[in-house]
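Shown next: start-v2.tsv, containing TSV, C-alpha atoms and all ligand atoms.
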```tsv
chain	number	residue	atom	x	y	z
A	22	MET	CA	-16.07	29.25	49.85
A	23	ASN	CA	-18.58	27.15	47.94
A	24	LEU	CA	-19.07	26.71	44.23
A	25	ARG	CA	-22.22	28.84	44.03
A	26	ASN	CA	-20.36	31.91	45.35
A	27	ALA	CA	-17.16	31.25	43.44
A	28	ASN	CA	-15.85	33.08	40.42
A	29	LEU	CA	-13.13	31.13	38.67
A	30	GLU	CA	-11.05	32.27	35.75
A	31	SER	CA	-8.17	30.77	33.84
A	32	MET	CA	-6.85	31.16	30.31
A	33	ALA	CA	-9.33	28.63	28.92
A	34	LEU	CA	-12.08	28.21	31.52
A	35	LYS	CA	-14.44	30.45	33.52
A	36	TRP	CA	-17.06	29.67	36.14
A	37	ASP	CA	-19.39	32.57	36.99
A	38	GLY	CA	-21.35	30.91	39.80
A	39	GLU	CA	-23.95	29.47	37.41
A	40	CYS	CA	-22.34	28.55	34.12
A	41	LEU	CA	-19.09	27.02	32.99
A	42	TRP	CA	-17.51	28.77	29.99
A	43	VAL	CA	-14.68	27.32	27.95
A	44	LEU	CA	-12.47	28.79	25.26
A	45	ASP	CA	-12.95	26.84	22.03
A	46	GLN	CA	-9.34	25.78	21.39
A	47	THR	CA	-10.17	24.47	17.92
A	48	GLN	CA	-10.62	28.12	16.83
A	49	LEU	CA	-7.25	29.38	18.08
A	50	PRO	CA	-5.07	31.22	17.22
A	51	ASP	CA	-7.34	33.45	15.14
A	52	GLU	CA	-10.59	33.52	17.08
A	53	GLU	CA	-11.30	33.56	20.81
A	54	ILE	CA	-14.76	32.08	21.13
A	55	TRP	CA	-16.18	31.12	24.52
A	56	LEU	CA	-18.74	28.33	24.69
A	57	ASP	CA	-21.16	27.32	27.42
A	58	GLY	CA	-19.84	23.93	28.55
A	59	SER	CA	-21.96	23.61	31.69
A	60	GLU	CA	-24.09	20.67	30.60
A	61	PRO	CA	-22.16	17.34	30.94
A	62	ARG	CA	-23.05	15.91	27.52
A	63	THR	CA	-22.05	19.17	25.88
A	64	MET	CA	-18.80	19.16	27.86
A	65	ALA	CA	-18.08	15.51	26.96
A	66	GLY	CA	-18.48	16.48	23.28
A	67	LEU	CA	-16.20	19.51	23.68
A	68	ILE	CA	-13.55	17.34	25.31
A	69	HIS	CA	-13.86	14.68	22.62
A	70	ARG	CA	-13.40	17.17	19.79
A	71	LEU	CA	-10.52	18.94	21.59
A	72	SER	CA	-12.27	22.28	22.08
A	73	VAL	CA	-11.27	21.58	25.68
A	74	ARG	CA	-7.98	19.66	25.84
A	75	GLY	CA	-4.78	19.09	27.80
A	76	ALA	CA	-4.62	16.43	30.50
A	77	PRO	CA	-5.17	18.54	33.66
A	78	LEU	CA	-7.71	20.87	32.02
A	79	ILE	CA	-10.03	18.08	30.88
A	80	GLY	CA	-10.09	16.74	34.46
A	81	VAL	CA	-10.94	20.14	35.96
A	82	ALA	CA	-13.50	20.98	33.25
A	83	ALA	CA	-15.24	17.61	33.58
A	84	ALA	CA	-15.38	17.93	37.38
A	85	LEU	CA	-16.91	21.42	37.14
A	86	SER	CA	-19.43	20.31	34.53
A	87	TYR	CA	-20.45	17.41	36.75
A	88	ALA	CA	-20.69	19.85	39.67
A	89	TRP	CA	-23.07	21.93	37.55
A	90	ALA	CA	-25.24	18.82	37.02
A	91	LEU	CA	-25.12	18.04	40.75
A	92	GLY	CA	-26.60	21.49	41.38
A	93	SER	CA	-29.51	20.84	39.00
A	94	ASN	CA	-32.55	18.75	39.80
A	95	ALA	CA	-31.22	15.76	37.85
A	96	GLY	CA	-32.08	12.37	39.35
A	97	ASP	CA	-29.54	9.73	40.31
A	98	ALA	CA	-29.82	7.77	37.04
A	99	ALA	CA	-29.30	10.88	34.91
A	100	LEU	CA	-26.33	11.90	37.02
A	101	GLU	CA	-24.80	8.47	36.71
A	102	ALA	CA	-25.10	8.67	32.91
A	103	ASP	CA	-23.57	12.19	32.89
A	104	TRP	CA	-20.71	11.02	35.06
A	105	ARG	CA	-19.96	8.15	32.71
A	106	PHE	CA	-20.15	10.33	29.58
A	107	LEU	CA	-17.62	12.73	31.05
A	108	ARG	CA	-15.29	10.06	32.41
A	109	GLU	CA	-15.16	8.27	29.05
A	110	ALA	CA	-14.82	11.34	26.81
A	111	ARG	CA	-11.14	10.57	26.15
A	112	PRO	CA	-9.12	7.48	27.15
A	113	THR	CA	-5.42	8.32	27.56
A	114	ALA	CA	-5.08	11.29	29.93
A	115	VAL	CA	-5.64	9.73	33.34
A	116	ASN	CA	-6.42	13.11	34.92
A	117	LEU	CA	-9.94	12.86	33.50
A	118	ALA	CA	-10.76	9.53	35.19
A	119	TRP	CA	-8.89	10.67	38.31
A	120	ALA	CA	-11.00	13.83	38.68
A	121	MET	CA	-14.27	12.04	37.96
A	122	ASP	CA	-13.50	9.21	40.40
A	123	ARG	CA	-12.70	11.79	43.05
A	124	MET	CA	-16.03	13.57	42.42
A	125	LYS	CA	-17.91	10.27	42.65
A	126	GLN	CA	-16.23	9.26	45.88
A	127	VAL	CA	-17.08	12.56	47.58
A	128	GLN	CA	-20.65	12.41	46.27
A	129	GLU	CA	-21.12	8.91	47.67
A	130	TYR	CA	-19.61	9.59	51.07
A	131	ARG	CA	-20.48	13.24	51.69
A	132	GLY	CA	-23.34	14.11	49.32
A	133	ARG	CA	-24.00	16.33	46.34
A	134	GLU	CA	-23.13	19.70	47.86
A	135	ALA	CA	-19.79	18.45	49.12
A	136	ALA	CA	-19.03	17.01	45.67
A	137	ARG	CA	-19.82	20.38	44.08
A	138	ASP	CA	-17.28	22.00	46.37
A	139	GLU	CA	-14.78	19.27	45.53
A	140	ALA	CA	-14.74	20.55	41.95
A	141	LEU	CA	-13.74	23.93	43.34
A	142	ALA	CA	-10.96	22.27	45.33
A	143	ILE	CA	-9.75	20.45	42.19
A	144	PHE	CA	-9.56	23.79	40.35
A	145	HIS	CA	-7.53	25.52	43.07
A	146	GLU	CA	-5.33	22.46	43.51
A	147	ASP	CA	-4.40	22.48	39.83
A	148	VAL	CA	-3.26	26.11	40.05
A	149	ALA	CA	-1.05	25.25	43.05
A	150	LEU	CA	0.31	22.06	41.44
A	151	CYS	CA	1.47	24.05	38.41
A	152	GLU	CA	3.43	26.45	40.62
A	153	ALA	CA	4.95	23.55	42.59
A	154	MET	CA	6.14	21.83	39.39
A	155	SER	CA	7.73	25.07	38.25
A	156	ALA	CA	9.46	25.60	41.56
A	157	HIS	CA	11.04	22.14	41.45
A	158	GLY	CA	11.83	22.38	37.73
A	159	LEU	CA	13.71	25.66	38.12
A	160	THR	CA	16.48	23.75	39.89
A	161	LEU	CA	17.32	21.96	36.61
A	162	PHE	CA	18.68	24.93	34.74
A	163	ASP	CA	22.24	25.78	34.12
A	164	GLY	CA	22.48	29.42	33.01
A	165	SER	CA	20.14	30.67	30.31
A	166	GLU	CA	19.05	27.91	27.95
A	167	ALA	CA	17.21	27.40	24.68
A	168	VAL	CA	14.59	24.69	25.14
A	169	LEU	CA	12.36	22.59	22.90
A	170	THR	CA	8.75	21.74	23.71
A	171	HIS	CA	6.11	19.63	21.98
A	172	CYS	CA	2.31	19.99	21.82
A	173	ASN	CA	0.79	22.38	24.39
A	174	SER	CA	1.22	22.08	28.11
A	175	GLY	CA	0.56	25.64	29.25
A	176	GLY	CA	-2.33	27.73	30.53
A	177	LEU	CA	-4.53	26.24	27.80
A	178	ALA	CA	-3.91	22.70	29.09
A	179	THR	CA	-4.38	23.42	32.83
A	180	VAL	CA	-6.08	26.11	34.92
A	181	GLY	CA	-2.73	27.39	36.18
A	182	VAL	CA	0.45	28.42	34.38
A	183	GLY	CA	0.83	24.95	32.91
A	184	THR	CA	3.03	21.91	33.35
A	185	ALA	CA	6.09	21.98	31.04
A	186	LEU	CA	5.13	25.29	29.47
A	187	GLY	CA	4.41	26.71	32.92
A	188	LEU	CA	7.93	25.78	33.96
A	189	ILE	CA	9.30	27.32	30.76
A	190	ARG	CA	7.36	30.50	31.51
A	191	ARG	CA	8.64	30.72	35.09
A	192	ALA	CA	12.19	29.89	33.91
A	193	TRP	CA	12.04	32.63	31.29
A	194	GLU	CA	10.86	35.11	33.95
A	195	ALA	CA	13.84	34.02	36.08
A	196	GLY	CA	16.30	34.50	33.20
A	197	LYS	CA	16.93	30.75	32.89
A	198	VAL	CA	15.33	30.30	29.46
A	199	SER	CA	16.38	32.49	26.56
A	200	HIS	CA	14.44	30.95	23.68
A	201	VAL	CA	11.78	28.31	23.03
A	202	PHE	CA	11.66	26.05	19.98
A	203	VAL	CA	8.10	24.86	19.43
A	204	ASP	CA	7.30	21.66	17.54
A	205	GLU	CA	4.19	22.35	15.46
A	206	THR	CA	2.93	18.92	16.64
A	207	ARG	CA	1.16	16.94	13.97
A	208	PRO	CA	-1.55	16.02	13.28
A	209	LEU	CA	-3.64	18.70	14.99
A	210	LEU	CA	-0.93	21.33	15.38
A	211	GLN	CA	-1.38	22.13	19.08
A	212	GLY	CA	2.19	23.46	19.10
A	213	GLY	CA	1.70	25.75	16.11
A	214	ARG	CA	-1.80	26.89	17.00
A	215	LEU	CA	-1.74	26.93	20.81
A	216	THR	CA	1.80	27.02	22.23
A	217	ALA	CA	2.91	29.69	19.75
A	218	TRP	CA	-0.23	31.71	20.65
A	219	GLU	CA	0.48	31.40	24.39
A	220	LEU	CA	4.16	32.29	24.07
A	221	GLY	CA	3.28	35.27	21.88
A	222	ARG	CA	0.82	36.58	24.48
A	223	LEU	CA	3.49	36.21	27.16
A	224	GLY	CA	6.16	37.90	25.05
A	225	ILE	CA	8.48	34.88	25.25
A	226	PRO	CA	10.84	34.60	22.25
A	227	HIS	CA	10.11	31.46	20.26
A	228	THR	CA	10.63	29.78	16.91
A	229	LEU	CA	8.12	27.41	15.41
A	230	ILE	CA	9.51	24.32	13.70
A	231	THR	CA	7.92	21.32	12.02
A	232	ASP	CA	8.15	18.00	13.87
A	233	SER	CA	10.95	16.83	11.58
A	234	MET	CA	13.38	19.69	12.32
A	235	ALA	CA	14.36	19.19	15.97
A	236	ALA	CA	17.22	16.79	15.16
A	237	ILE	CA	19.03	19.43	13.09
A	238	LEU	CA	18.85	21.94	15.93
A	239	MET	CA	20.07	19.36	18.43
A	240	ARG	CA	23.03	18.43	16.22
A	241	GLU	CA	23.91	22.12	15.90
A	242	GLY	CA	23.83	22.49	19.70
A	243	ARG	CA	20.97	24.98	19.57
A	244	ILE	CA	18.71	23.11	22.02
A	245	GLN	CA	19.98	22.65	25.57
A	246	ARG	CA	16.96	20.93	27.07
A	247	VAL	CA	13.62	19.31	26.15
A	248	LEU	CA	10.63	19.95	28.41
A	249	LEU	CA	7.20	18.55	27.61
A	250	GLY	CA	4.03	17.33	29.33
A	251	ALA	CA	2.50	13.92	30.02
A	252	ASP	CA	-0.97	12.46	29.78
A	253	ARG	CA	-0.33	9.35	31.85
A	254	ILE	CA	2.76	8.20	33.75
A	255	ALA	CA	3.12	4.52	34.58
A	256	MET	CA	4.59	3.43	37.91
A	257	ASN	CA	7.89	2.45	36.26
A	258	GLY	CA	8.32	5.96	34.79
A	259	ASP	CA	7.24	5.19	31.20
A	260	PHE	CA	4.84	7.89	30.06
A	261	ALA	CA	2.33	8.72	27.33
A	262	ASN	CA	2.26	12.14	25.74
A	263	LYS	CA	1.18	13.67	22.44
A	264	VAL	CA	2.36	11.60	19.50
A	265	GLY	CA	5.87	12.58	18.42
A	266	THR	CA	7.21	12.73	21.96
A	267	TYR	CA	8.90	9.33	21.63
A	268	GLY	CA	10.73	10.46	18.49
A	269	VAL	CA	11.94	13.62	20.23
A	270	ALA	CA	13.15	11.47	23.14
A	271	VAL	CA	15.17	9.22	20.81
A	272	GLN	CA	16.74	12.27	19.15
A	273	ALA	CA	17.54	13.91	22.50
A	274	HIS	CA	19.13	10.67	23.74
A	275	PHE	CA	21.26	10.39	20.60
A	276	HIS	CA	22.46	14.01	20.90
A	277	GLY	CA	22.91	13.98	24.69
A	278	VAL	CA	20.24	16.64	25.29
A	279	PRO	CA	18.52	16.41	28.72
A	280	PHE	CA	14.90	15.32	28.30
A	281	HIS	CA	12.20	15.84	30.96
A	282	THR	CA	8.48	15.45	31.34
A	283	VAL	CA	6.66	17.78	33.73
A	284	ALA	CA	3.38	16.68	35.31
A	285	PRO	CA	1.25	16.81	38.45
A	286	TRP	CA	0.88	13.68	40.60
A	287	SER	CA	-2.68	13.32	39.22
A	288	THR	CA	-1.06	12.24	35.93
A	289	VAL	CA	0.64	9.28	37.63
A	290	ASP	CA	-1.54	6.18	37.29
A	291	THR	CA	-0.95	4.00	40.33
A	292	HIS	CA	-2.85	1.16	38.62
A	293	CYS	CA	-0.60	1.17	35.58
A	294	PRO	CA	2.64	-0.80	36.01
A	295	SER	CA	4.32	0.15	32.72
A	296	GLY	CA	3.87	1.96	29.44
A	297	LYS	CA	2.44	-1.08	27.71
A	298	ASP	CA	-0.61	-0.82	30.00
A	299	ILE	CA	-1.48	2.73	28.89
A	300	PRO	CA	-4.54	2.91	26.59
A	301	ILE	CA	-3.74	4.90	23.46
A	302	GLU	CA	-6.40	6.99	21.77
A	303	HIS	CA	-6.64	6.60	17.99
A	304	ARG	CA	-8.38	9.36	16.10
A	305	ASP	CA	-10.00	9.85	12.72
A	306	ALA	CA	-7.70	9.31	9.72
A	307	LYS	CA	-8.91	12.55	8.18
A	308	GLU	CA	-6.87	14.49	10.77
A	309	VAL	CA	-3.74	13.16	9.02
A	310	ARG	CA	-5.01	13.71	5.48
A	311	GLY	CA	-5.77	17.39	6.07
A	312	PHE	CA	-6.84	20.06	8.52
A	313	GLY	CA	-10.26	21.71	8.74
A	314	SER	CA	-11.59	22.13	5.23
A	315	LEU	CA	-8.11	21.75	3.70
A	316	ARG	CA	-7.06	18.31	2.47
A	317	TRP	CA	-3.62	17.50	1.04
A	318	ALA	CA	-3.71	13.70	0.79
A	319	PRO	CA	-5.91	11.51	-1.40
A	320	VAL	CA	-9.20	10.91	0.38
A	321	GLN	CA	-8.86	7.14	-0.11
A	322	SER	CA	-5.37	6.92	1.47
A	323	GLU	CA	-5.28	4.97	4.68
A	324	ALA	CA	-3.78	6.90	7.59
A	325	PHE	CA	-2.41	5.85	10.97
A	326	ASN	CA	-3.46	8.33	13.67
A	327	PRO	CA	-2.57	7.47	17.27
A	328	SER	CA	-3.00	10.61	19.35
A	329	PHE	CA	-0.29	9.62	21.85
A	330	ASP	CA	2.87	7.57	22.05
A	331	VAL	CA	4.74	6.05	24.96
A	332	THR	CA	8.28	7.05	25.87
A	333	PRO	CA	10.21	4.48	27.92
A	334	VAL	CA	11.77	5.61	31.19
A	335	SER	CA	15.19	4.65	29.79
A	336	LEU	CA	15.08	7.75	27.55
A	337	LEU	CA	14.22	10.18	30.36
A	338	THR	CA	16.63	12.40	32.23
A	339	SER	CA	13.99	13.06	34.88
A	340	ILE	CA	10.32	13.58	35.65
A	341	VAL	CA	9.43	16.89	37.30
A	342	LEU	CA	6.44	16.40	39.58
A	343	ASP	CA	4.88	18.85	42.03
A	344	ARG	CA	6.48	16.59	44.65
A	345	GLY	CA	10.03	16.91	43.40
A	346	VAL	CA	12.34	15.94	40.57
A	347	PHE	CA	12.85	12.19	40.03
A	348	THR	CA	15.82	11.06	37.97
A	349	ARG	CA	15.78	8.08	35.63
A	350	GLU	CA	17.82	6.11	38.14
A	351	GLN	CA	15.36	6.89	40.94
A	352	LEU	CA	12.39	6.03	38.72
A	353	GLU	CA	13.98	2.72	37.70
A	354	ALA	CA	14.48	1.98	41.40
A	355	GLY	CA	10.70	2.45	41.96
A	356	ALA	CA	10.62	6.05	43.26
A	357	LEU	CA	7.02	6.59	42.14
A	358	GLN	CA	5.76	3.81	44.42
A	359	GLY	CA	6.20	5.84	47.56
A	360	CYS	CA	5.44	9.33	46.36
A	361	CYS	CA	2.18	9.09	44.49
A	362	VAL	CA	-0.41	7.86	46.91
A	363	ALA	CA	-3.08	10.56	47.37
B	1	LIG	O1	-4.61	15.81	22.65
B	1	LIG	P1	-4.31	16.91	23.61
B	1	LIG	O2	-4.17	18.24	22.96
B	1	LIG	O3	-5.25	16.93	24.79
B	1	LIG	O4	-2.88	16.49	24.14
B	1	LIG	C1	-2.26	17.23	25.09
B	1	LIG	C2	-0.85	16.88	25.29
B	1	LIG	O5	-0.31	15.95	24.78
B	1	LIG	C3	-0.15	17.66	26.26
B	1	LIG	O6	1.19	17.68	25.96
B	1	LIG	C4	-0.48	17.01	27.56
B	1	LIG	O7	-1.84	17.00	27.84
B	1	LIG	C5	0.30	17.31	28.68
B	1	LIG	S1	-0.28	18.53	29.52
B	1	LIG	C6	-0.44	19.60	30.25
```

Using the file provided, produce a representation of the structure as structure tokens.
Amino acid sequence: MNLRNANLESMALKWDGECLWVLDQTQLPDEEIWLDGSEPRTMAGLIHRLSVRGAPLIGVAAALSYAWALGSNAGDAALEADWRFLREARPTAVNLAWAMDRMKQVQEYRGREAARDEALAIFHEDVALCEAMSAHGLTLFDGSEAVLTHCNSGGLATVGVGTALGLIRRAWEAGKVSHVFVDETRPLLQGGRLTAWELGRLGIPHTLITDSMAAILMREGRIQRVLLGADRIAMNGDFANKVGTYGVAVQAHFHGVPFHTVAPWSTVDTHCPSGKDIPIEHRDAKEVRGFGSLRWAPVQSEAFNPSFDVTPVSLLTSIVLDRGVFTREQLEAGALQGCCVA
């Protein structure tokens, strides 16, 4: 199959053979608005303002947008500029650079048409990777558990069932998850707006909490496991995820609650030795002072707004990859060295 004949559809992305459509995630949960994200500069803007977000999804969407440009009559210089715009739209999630580098390599060695079809391969691969992560992750459960998740790592963040939320979904279907606690996830509320919306559509029982409530639930024994995504995993097992993840990890460690990140191998950065080498995106202070047209803090107040934080491997119980489950001990012994070469 080639891209021109393909029809692709996921929760947040559609390709109809000519155009790439994306669900504007900034409008959820109340409005489902689909935007034309075919053109690379438009797509780079959509990724930057989080209309299209989630580590695997931004890689797939950028690859498909670049494939659209490769099918136009754009010259080499224009394509190069488009490629760069897309690759640099956001800095922390390595899946974006990974997908764009893969597109470039195929374009250089096998030409434009082959690179267009590579975007199709990246899409289908992401669907399969999600299922593989879930299959490995299902082995973790002990009976039917209540779990906590942070941010959004489901069908809105990938083109498959998701990473951590995909595993939660498959575990719920298998009777291994009974309830999901959802951190609202400040400052942009991806948990409250997106994860709660996804779980509601799937009919999975859930309770929304603010980011400061998880410790109470852990102390009361109401959370048996934490499962969340990753935007970049360093070779020593340290990983970056949506800000607040590190705090949840500290609380889980203190209360003896197993804590896992779930990610595809494309989130492992083989060039990144440890967490201190992960670039952290900082966003506009106004995202902390308010939301949309609503502001609750004085406009002149300074605000600190890193989009991600880094959790050290020492706080992990394990990483669930599509290639298996790796415990903290295995990660500290260098397990990622052998398993994550393409
Ligand atoms: O800033 P976002 O919304 O793109 O951040 C997303 C997350 O932090 C997710 O938890 C992450 O991408 C892991 S993904 C499937």

- request: Dump the neighbourhood of ligand LIG 1 (chain B) as a list in words: all residues within 6 Å, distances computed on only C-alpha atoms and all ligand atoms.
  value: Arg74, Gly75, Ala76, Pro77, Cys172, Asn173, Ser174, Ala178, Thr184, Gly250, Ala251, Asp252, Asn262 and Lys263 of chain A

Output for the residues just chosen: C-alpha atoms as a PDB file, keeping the file's coordinate frame:
```pdb
ATOM      1  CA  ARG A  74      -7.980  19.660  25.840  1.00  0.00           C
ATOM      2  CA  GLY A  75      -4.780  19.090  27.800  1.00  0.00           C
ATOM      3  CA  ALA A  76      -4.620  16.430  30.500  1.00  0.00           C
ATOM      4  CA  PRO A  77      -5.170  18.540  33.660  1.00  0.00           C
ATOM      5  CA  CYS A 172       2.310  19.990  21.820  1.00  0.00           C
ATOM      6  CA  ASN A 173       0.790  22.380  24.390  1.00  0.00           C
ATOM      7  CA  SER A 174       1.220  22.080  28.110  1.00  0.00           C
ATOM      8  CA  ALA A 178      -3.910  22.700  29.090  1.00  0.00           C
ATOM      9  CA  THR A 184       3.030  21.910  33.350  1.00  0.00           C
ATOM     10  CA  GLY A 250       4.030  17.330  29.330  1.00  0.00           C
ATOM     11  CA  ALA A 251       2.500  13.920  30.020  1.00  0.00           C
ATOM     12  CA  ASP A 252      -0.970  12.460  29.780  1.00  0.00           C
ATOM     13  CA  ASN A 262       2.260  12.140  25.740  1.00  0.00           C
ATOM     14  CA  LYS A 263       1.180  13.670  22.440  1.00  0.00           C
TER      15      LYS A 263
END
```

query: Could you pull the residues within 12 Å of Gly359 in chain A, counting all atoms listed in the file, minus those fewer than 3 positions along the same chain, as a ChimeraX atom specification?
result: /A:256-257,286,289,291,344,347,351-352,354-356,362-363

- prompt: What does the distance from CA of Ala273 in chain A to CA of Arg222 in chain A come to in Å, to one decimal?
  reply: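 Here the two named atoms are 28.2 Å from each other.
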
task: Just the residues within 7 Å of range 320-335 of chain A, please, counting all atoms listed in the file, with nothing from its chain fewer than 3 positions along; format it as a list in words.
output: Gly258, Asp259, Phe260, Ala261, Asn262, Lys263, Val264, Gly265, Thr266, Tyr267, Gly296, Ile301, Glu302, His303, Arg304, Asp305, Ala306, Val309 and Arg349 of chain A

- prompt: How far is it from CA of Arg310 in chain A to CA of Leu49 in chain A, in Å with one decimal?
  reply: 20.2 Å

- line: Residue with the minimum atom-to-atom distance to Ala284 in chain A, picked from A:Met64, A:Val115, A:Ala120, A:Leu220 with only C-alpha atoms counted, is A:Val115

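Between CA of Met154 in chain A and CA of Leu342 in chain A lies a distance of 5.4 Å.
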
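Residues in contact with range 82-87 of chain A at 8 Å, where only C-alpha atoms are counted and same-chain residues fewer than 4 positions away are skipped, are listed as Leu34, Leu41, Gly58, Ser59, Glu60, Pro61, Met64, Ala65, Val73, Leu78, Leu91, Asp103, Trp104, Leu107, Arg108, Leu117, Ala120, Met121, Met124, Arg137, Ala140, Leu141 and Ile143 of chain A.
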
Those selected residues, please, written with C-alpha atoms and delivered as a PDB file, keeping the file's coordinate frame.
```pdb
ATOM      1  CA  LEU A  34     -12.080  28.210  31.520  1.00  0.00           C
ATOM      2  CA  LEU A  41     -19.090  27.020  32.990  1.00  0.00           C
ATOM      3  CA  GLY A  58     -19.840  23.930  28.550  1.00  0.00           C
ATOM      4  CA  SER A  59     -21.960  23.610  31.690  1.00  0.00           C
ATOM      5  CA  GLU A  60     -24.090  20.670  30.600  1.00  0.00           C
ATOM      6  CA  PRO A  61     -22.160  17.340  30.940  1.00  0.00           C
ATOM      7  CA  MET A  64     -18.800  19.160  27.860  1.00  0.00           C
ATOM      8  CA  ALA A  65     -18.080  15.510  26.960  1.00  0.00           C
ATOM      9  CA  VAL A  73     -11.270  21.580  25.680  1.00  0.00           C
ATOM     10  CA  LEU A  78      -7.710  20.870  32.020  1.00  0.00           C
ATOM     11  CA  LEU A  91     -25.120  18.040  40.750  1.00  0.00           C
ATOM     12  CA  ASP A 103     -23.570  12.190  32.890  1.00  0.00           C
ATOM     13  CA  TRP A 104     -20.710  11.020  35.060  1.00  0.00           C
ATOM     14  CA  LEU A 107     -17.620  12.730  31.050  1.00  0.00           C
ATOM     15  CA  ARG A 108     -15.290  10.060  32.410  1.00  0.00           C
ATOM     16  CA  LEU A 117      -9.940  12.860  33.500  1.00  0.00           C
ATOM     17  CA  ALA A 120     -11.000  13.830  38.680  1.00  0.00           C
ATOM     18  CA  MET A 121     -14.270  12.040  37.960  1.00  0.00           C
ATOM     19  CA  MET A 124     -16.030  13.570  42.420  1.00  0.00           C
ATOM     20  CA  ARG A 137     -19.820  20.380  44.080  1.00  0.00           C
ATOM     21  CA  ALA A 140     -14.740  20.550  41.950  1.00  0.00           C
ATOM     22  CA  LEU A 141     -13.740  23.930  43.340  1.00  0.00           C
ATOM     23  CA  ILE A 143      -9.750  20.450  42.190  1.00  0.00           C
TER      24      ILE A 143
END
```

query: Quick one: of A:Val203, A:Cys360, A:Met239, A:Leu169, who's nearest to His281 in chain A, counting only C-alpha atoms?
result: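 Of A:Val203, A:Cys360, A:Met239, A:Leu169, the one nearest His281 in chain A is A:Leu169, counting only C-alpha atoms.
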
Shortest interatomic distance to Arg190 in chain A - which of A:Val168, A:Ile225, A:Ile299, A:Leu177, counting all atoms listed in the file: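 Using all atoms listed in the file, the shortest distance to Arg190 in chain A belongs to A:Ile225.
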
Listing only residues of range 93-189 of chain A within 6 Å of range 23-33 of chain A, what is the closest atom pair and its distance in Å (to one decimal) for each, using only C-alpha atoms, sorted by chain and residue number ascending, as JSON lines?
```
{"residue": "A:Asp138", "atom": "CA", "partner": "A:Leu24", "partner_atom": "CA", "distance": 5.5}
{"residue": "A:Gly176", "atom": "CA", "partner": "A:Met32", "partner_atom": "CA", "distance": 5.7}
{"residue": "A:Leu177", "atom": "CA", "partner": "A:Ala33", "partner_atom": "CA", "distance": 5.5}
{"residue": "A:Val180", "atom": "CA", "partner": "A:Ser31", "partner_atom": "CA", "distance": 5.2}
```

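Point (-17.1, 29.4, 29.5) has the following residues at most 6 Å away: A:Leu34, A:Lys35, A:Leu41, A:Trp42, A:Val43, A:Trp55, A:Leu56, A:Asp57 (atoms considered: only C-alpha atoms).
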